[in-house]
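A.B. asks: Pasting a structure below so you can have a look.
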2 protein chains.
Amino acid sequence: MTYGRGPNGERTESRGGGGLATALRGLVEQHDTTWIANAMTDEDRVVAGERQHGTMLLAQDPDAYARFYNVAANPTLWFLQHMLWNLGRTPDWDDERHDAWTNGYVPVNASMARAVVAELERDPDADVFFHDYHLYLAPAIVRREAPDAVMSHFVHVPWPETDAWSVLPEPLRRDVFAGLLANDVVGFHTDRWRRSFLRGCADVLGARVDGHVVEHEGRRTRVTAHPIGIDTAEFEALAAGEEVCARERELVASRTEMLVLRVDRTDPSKNVVRGLRAFGVMLERHPELRGRARMLALLDPSRQDIPEYADYVAAIEREAEKLGDCVDLRVGDDFARSVAAYKQFDALLVNAVFDGLNLVSKEAPYVNTRDGVLVLSENAGSHAELGEWALTVNPFDVSGQADALYVALTMKPEEKRRRLDAIRAHVRAHDVREWGELQMADLLRLRSRR
Amino acid sequence: MTYGRGPNGERTESRGGGGLATALRGLVEQHDTTWIANAMTDEDRVVAGERQHGTMLLAQDPDAYARFYNVAANPTLWFLQHMLWNLGRTPDWDDERHDAWTNGYVPVNASMARAVVAELERDPDADVFFHDYHLYLAPAIVRREAPDAVMSHFVHVPWPETDAWSVLPEPLRRDVFAGLLANDVVGFHTDRWRRSFLRGCADVLGARVDGHVVEHEGRRTRVTAHPIGIDTAEFEALAAGEEVCARERELVASRTEMLVLRVDRTDPSKNVVRGLRAFGVMLERHPELRGRARMLALLDPSRQDIPEYADYVAAIEREAEKLGDCVDLRVGDDFARSVAAYKQFDALLVNAVFDGLNLVSKEAPYVNTRDGVLVLSENAGSHAELGEWALTVNPFDVSGQADALYVALTMKPEEKRRRLDAIRAHVRAHDVREWGELQMADLLRLRSRR
């Protein structure tokens, strides 16, 4: 939940973006929960400290928060975990980056840990759930104050292998792994990221790894792999809703015969530039599709305060320009338009360089009405679940992506139907509720063993 | 051996550059060997097919060779194995790169394999040694023709972990791993690269890994770790030789009180730019060393036909310019000057992003006369051997490198002496002869088991 001020000065509430916020909202609604989050807007800071709708916002020092968010978490950890650093050139651990860690990432984690400890004092039997790459250090701080707390940490981004972690100087690298191992459970979306984490615990800390359990400093941490799902009921309602249908009518009125869709944040990990190139190569190879097929790229401009992200948007715009009116590039945040496009695509391109899971690859096929084909990167976490019904592409293989798009657009109807039905059945059977329940079950097992 | 024409049209011979050529020369001299190599110069192509001094040069189609060398091997595989790709942007597997693989890397490997098979027909009991990242496909081709050949492959570059290999589209990636596993022995410089290779065999091919043995398609491959050494006798002779001593006198006449040295190819993996920055940061933090300490960077400009390499030299020159006369940057190939500088350094900076071994970190301390201190990247292969006597740095941590350089320059004499003596004793005890013998022993064991 983020707070702002409306035109008449009244306090407004808006739900967080991405699928993570949705998924967590599910958990929060089903259980007696306190959601502790960092204040992001000025109004958030006013609300900070008040418990509202199960949410508690922490007021961070704005400078520390900027260092934490705009340097240490993004791009440093995000780029590391998505293998996006250009290691011959970037990053430098200069004074600024060291300062962002020491006086940004560390104190924000400490502040979060203090808030968790305060909650545990209020309710000693509470389970603690940490989420994602912003809070790797907090669990170890909580653990020192609350040795018996039941703590779980879900990492939503890829977990890269040991060499990639050398981007963090050794003491920081050890703190990240040790911080996570202060939890009782550490969860990832796929077995691939879990495998890399388990190997990394042995490589970086010399921890003992036995199956999916890591032993470090006398504590045992179970490492799980639970791919997140979507809220299928919500997406069914959204897809049938008036706003989406209005947007869909606009789209139907203007669309070409074949629609290639991508819906992403403008993050280098999403690989928009190579996707545009691939579409261009496909049109060169199959000029008969020119005018009949168009790419619609709906891009949410994220993290534009960070130079690497602003540069990437510029690169996207340059590449799209080369394709002229073969591509319809929309940079902006319009969720209803995205869902309308989900319903209308013939091919959905998800060619991420690396992606923890990729919710679009579940959301869009789930509400699609045209037996659209999913073209899916082998490096998206969802590939482990959906790969057999998708056309697999290598994210660096522009030529291969071009061929896959052509195969998708010219696939026999019954084959398209078969694949889409299978994806939908899988997404329905493994929705976000299951994901939440599996995590609660991990902790329940833990409590019952104690 | 490379051939050219002298001023009067006579054929000239020159030894290959780097330490690898030296090391192999040792093997060639000690055994009855045919060294098969690709022709690189026009004169090489004239000599091609003649067996001279145990060397046989293969004439490759110049276009295929250019694709093989300048695109597929460098930068594609080199950058992959040193983790230098900027994955959000490069590489693209477009038509050009696919063509470089299919019509460059594949046929050059096939041509090499044919030459090996011809040698095996001449001498069926010959052992076959493949070297490095240029020839990953050849062993599988030889194996099909000569199922009983005894084959070994030494990889001199780092072996990155599985995610990094996703830069190669899947069929190519599988061919690389399967090609190497057609050998009886695959060797690396360190246990770290061996570990990554073993994991990769399981991840990429689903091969069975038992300790250091990989089982794939009914064959067993032993994976070894033998760090290469230097020819200590040659370096002693070089260091005492007239040419080096003349160069040393020039250096002594012009040097500052403290000399920070680096000797590298101008390869992004060597991390010259960050090293220059670190030296600059050290001078900012310790202005009293300004004028007393200078960095001497002796850089061999390699692979300048490849844009990524030419760009990197430009970046080095820009960075050096900022430091004015605090840095003495020499771009050129002058081995005698390098050895003279080896004798004179007070701190040697080896801050490689990743490096298979790094021979400079052994050569330079071995002949140093000033109890100079080795500042060594944790990602250089030689760190596994020399780390305990070096100052370890993280290659991305410019601030940490600045601190390490200062510690090196201000270290107590007896501590410097102790460290350098230990490095020298290690280098002497584990020279290039040992490396050659260990590899021969691996094959002997194999033959005796058959």
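Each chain in the structure tokens gets a letter, A, B and so on, in the order shown; residues start at 1 in every chain, and ligands are counted from 1 in the order they appear.
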Up to 6 Å from chain B, what residues of chain A turn up? Count only C-alpha atoms and give them as a short mmCIF file (atom, residue, chain, number, x, y, z; two decimals) with N, CA and C atoms, in the first residue's frame.

C.D. replies:
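File iface-v4.cif, as written:
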```cif
data_model
loop_
_atom_site.label_atom_id
_atom_site.label_comp_id
_atom_site.auth_asym_id
_atom_site.auth_seq_id
_atom_site.Cartn_x
_atom_site.Cartn_y
_atom_site.Cartn_z
N LEU A 84 23.50 -8.86 -15.03
CA LEU A 84 23.46 -7.75 -15.98
C LEU A 84 24.69 -6.85 -15.92
N ASN A 86 28.30 -5.43 -16.59
CA ASN A 86 29.26 -5.51 -17.70
C ASN A 86 30.63 -5.61 -17.04
N LEU A 87 30.98 -6.80 -16.55
CA LEU A 87 32.02 -6.92 -15.53
C LEU A 87 33.38 -6.35 -15.91
N GLY A 88 33.67 -6.27 -17.21
CA GLY A 88 34.93 -5.64 -17.62
C GLY A 88 34.94 -4.15 -17.31
N ASP A 92 31.93 -0.53 -10.22
CA ASP A 92 33.07 -0.20 -9.36
C ASP A 92 32.58 -0.13 -7.92
N TRP A 93 33.28 -0.79 -7.04
CA TRP A 93 33.05 -0.51 -5.62
C TRP A 93 33.94 0.67 -5.25
N ASP A 94 33.44 1.86 -5.55
CA ASP A 94 34.15 3.07 -5.17
C ASP A 94 33.54 3.57 -3.86
N PRO A 169 32.20 -7.63 -2.70
CA PRO A 169 33.42 -7.92 -1.93
C PRO A 169 33.13 -8.96 -0.85
N PRO A 268 16.52 -3.85 -18.06
CA PRO A 268 17.40 -4.56 -18.99
C PRO A 268 17.25 -6.08 -18.90
N ASN A 394 16.41 -19.00 -26.54
CA ASN A 394 17.57 -18.52 -25.80
C ASN A 394 17.55 -16.99 -25.86
N PHE A 396 19.68 -14.69 -25.83
CA PHE A 396 20.71 -14.00 -26.60
C PHE A 396 20.59 -14.31 -28.09
N ASP A 397 19.79 -15.30 -28.43
CA ASP A 397 19.69 -15.80 -29.79
C ASP A 397 18.58 -15.06 -30.54
N VAL A 398 18.95 -13.89 -31.05
CA VAL A 398 17.99 -13.05 -31.78
C VAL A 398 17.46 -13.81 -32.99
N SER A 399 18.34 -14.51 -33.67
CA SER A 399 17.93 -15.27 -34.84
C SER A 399 16.94 -16.37 -34.45
#
```

A.B. asks: Stretch 258-420 of chain A: which residues are strand (DSSP E) by DSSP, as a PyMOL selection string?

C.D. replies: chain A and resi 258-265+293-300+327-331+347-350+373-377+391-393

A.B. asks: With a distance cut-off of 10 Å and only C-alpha atoms, select the neighbouring residues of stretch 382-384 of chain B, excluding the residue or stretch itself and same-chain residues fewer than 6 positions from it, and output the selection as a ChimeraX atom specification.

C.D. replies: /B:189-192,227-229,355-362,376,390-392

A.B. asks: Please identify the helix (DSSP H, G or I) residues within stretch 218-410 of chain B (assignment by DSSP from backbone atoms) and present them as a ChimeraX atom specification.

C.D. replies: /B:232-240,242-254,268-270,272-285,287-289,307-322,324-326,335-344,360-367,383-389,398-409

A.B. asks: When distances are computed from only C-alpha atoms, which of B:Asp63, B:Asp231, B:Glu243, B:Asp44 shows the smallest separation from B:His430?

C.D. replies: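 Once distances to B:His430 are computed over only C-alpha atoms, the minimum belongs to B:Asp231.
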
A.B. asks: Env of stretch 209-224 of chain B: 10 Å cut, atoms = only C-alpha atoms, seq-sep filter 3 positions within chain, self excluded. Answer as a VMD selection string.

C.D. replies: chain B and resid 151 to 154 178 180 to 191 193 to 195 197 to 202 205 to 206 227 438 to 439 442 446

A.B. asks: Emit the selected residues as an mmCIF file, in the first residue's frame, including C-alpha atoms.

C.D. replies:
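Written output follows (selection_24.cif):
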```
data_model
loop_
_atom_site.group_PDB
_atom_site.id
_atom_site.type_symbol
_atom_site.label_atom_id
_atom_site.label_comp_id
_atom_site.auth_asym_id
_atom_site.auth_seq_id
_atom_site.Cartn_x
_atom_site.Cartn_y
_atom_site.Cartn_z
ATOM 1 C CA MET B 151 43.160 -37.873 -25.688
ATOM 2 C CA SER B 152 43.618 -35.076 -23.193
ATOM 3 C CA HIS B 153 42.421 -31.476 -23.296
ATOM 4 C CA PHE B 154 43.773 -28.666 -21.194
ATOM 5 C CA ALA B 178 30.136 -33.183 -25.211
ATOM 6 C CA LEU B 180 35.340 -31.981 -24.137
ATOM 7 C CA LEU B 181 33.930 -35.209 -22.735
ATOM 8 C CA ALA B 182 35.161 -37.056 -25.828
ATOM 9 C CA ASN B 183 38.612 -36.747 -24.200
ATOM 10 C CA ASP B 184 39.942 -39.204 -21.633
ATOM 11 C CA VAL B 185 41.248 -36.368 -19.492
ATOM 12 C CA VAL B 186 40.151 -32.743 -19.228
ATOM 13 C CA GLY B 187 42.488 -30.478 -17.286
ATOM 14 C CA PHE B 188 42.078 -27.091 -15.622
ATOM 15 C CA HIS B 189 44.447 -24.876 -13.677
ATOM 16 C CA THR B 190 42.438 -24.887 -10.470
ATOM 17 C CA ASP B 191 39.925 -26.840 -8.514
ATOM 18 C CA TRP B 193 37.250 -24.219 -12.660
ATOM 19 C CA ARG B 194 37.163 -28.007 -12.360
ATOM 20 C CA ARG B 195 34.254 -27.778 -9.934
ATOM 21 C CA PHE B 197 32.988 -27.909 -15.215
ATOM 22 C CA LEU B 198 31.844 -30.955 -13.237
ATOM 23 C CA ARG B 199 28.633 -29.200 -12.189
ATOM 24 C CA GLY B 200 28.118 -28.018 -15.760
ATOM 25 C CA CYS B 201 28.401 -31.556 -17.126
ATOM 26 C CA ALA B 202 25.547 -32.569 -14.848
ATOM 27 C CA LEU B 205 24.186 -32.770 -20.372
ATOM 28 C CA GLY B 206 22.685 -34.605 -17.441
ATOM 29 C CA PRO B 227 48.122 -25.267 -12.192
ATOM 30 C CA LEU B 438 51.584 -34.463 -14.165
ATOM 31 C CA GLN B 439 49.737 -34.457 -17.450
ATOM 32 C CA ASP B 442 47.542 -38.847 -16.077
ATOM 33 C CA LEU B 446 45.128 -44.372 -18.241
#
```

A.B. asks: If we count only C-alpha atoms, what is near stretch 367-372 of chain A at a cut-off of 9 Å, once residues fewer than 6 positions away on the same chain are taken out, given as a VMD selection string?

C.D. replies: chain A and resid 235 to 236 239 339 to 348 408 to 409 413 to 414 416 to 421 424

A.B. asks: I'd like to know which of A:Ala48, A:Ala110, A:Ile230, A:Val142 is closest to A:Trp435, using only C-alpha atoms.

C.D. replies: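 Among the listed residues, A:Ile230 lies closest to A:Trp435.
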
A.B. asks: List the neighbours of A:Leu276 out to 12 Å using only C-alpha atoms; skip same-chain residues closer than 2 positions along the sequence, and give me the result as a ChimeraX atom specification.

C.D. replies: /A:260-262,270-274,278-283,294-297,315-324,326-329,349-351,398-399,401-402,405

A.B. asks: Go through B:Val71, B:Ala37, B:Leu374, B:Val106 and flag the residue nearest B:Asp305, using only C-alpha atoms for the distances.

C.D. replies: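 For B:Asp305, the nearest of the given residues is B:Val71.
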
A.B. asks: Extract, using only C-alpha atoms, all DNA, RNA and protein residues at most 8 Å from stretch 332-334 of chain B, discarding same-chain residues fewer than 3 positions from it, and format them as a list in words.

C.D. replies: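 The filter keeps Leu298, Leu299, Asp300, Pro301, Arg337 and Ser338 of chain B.
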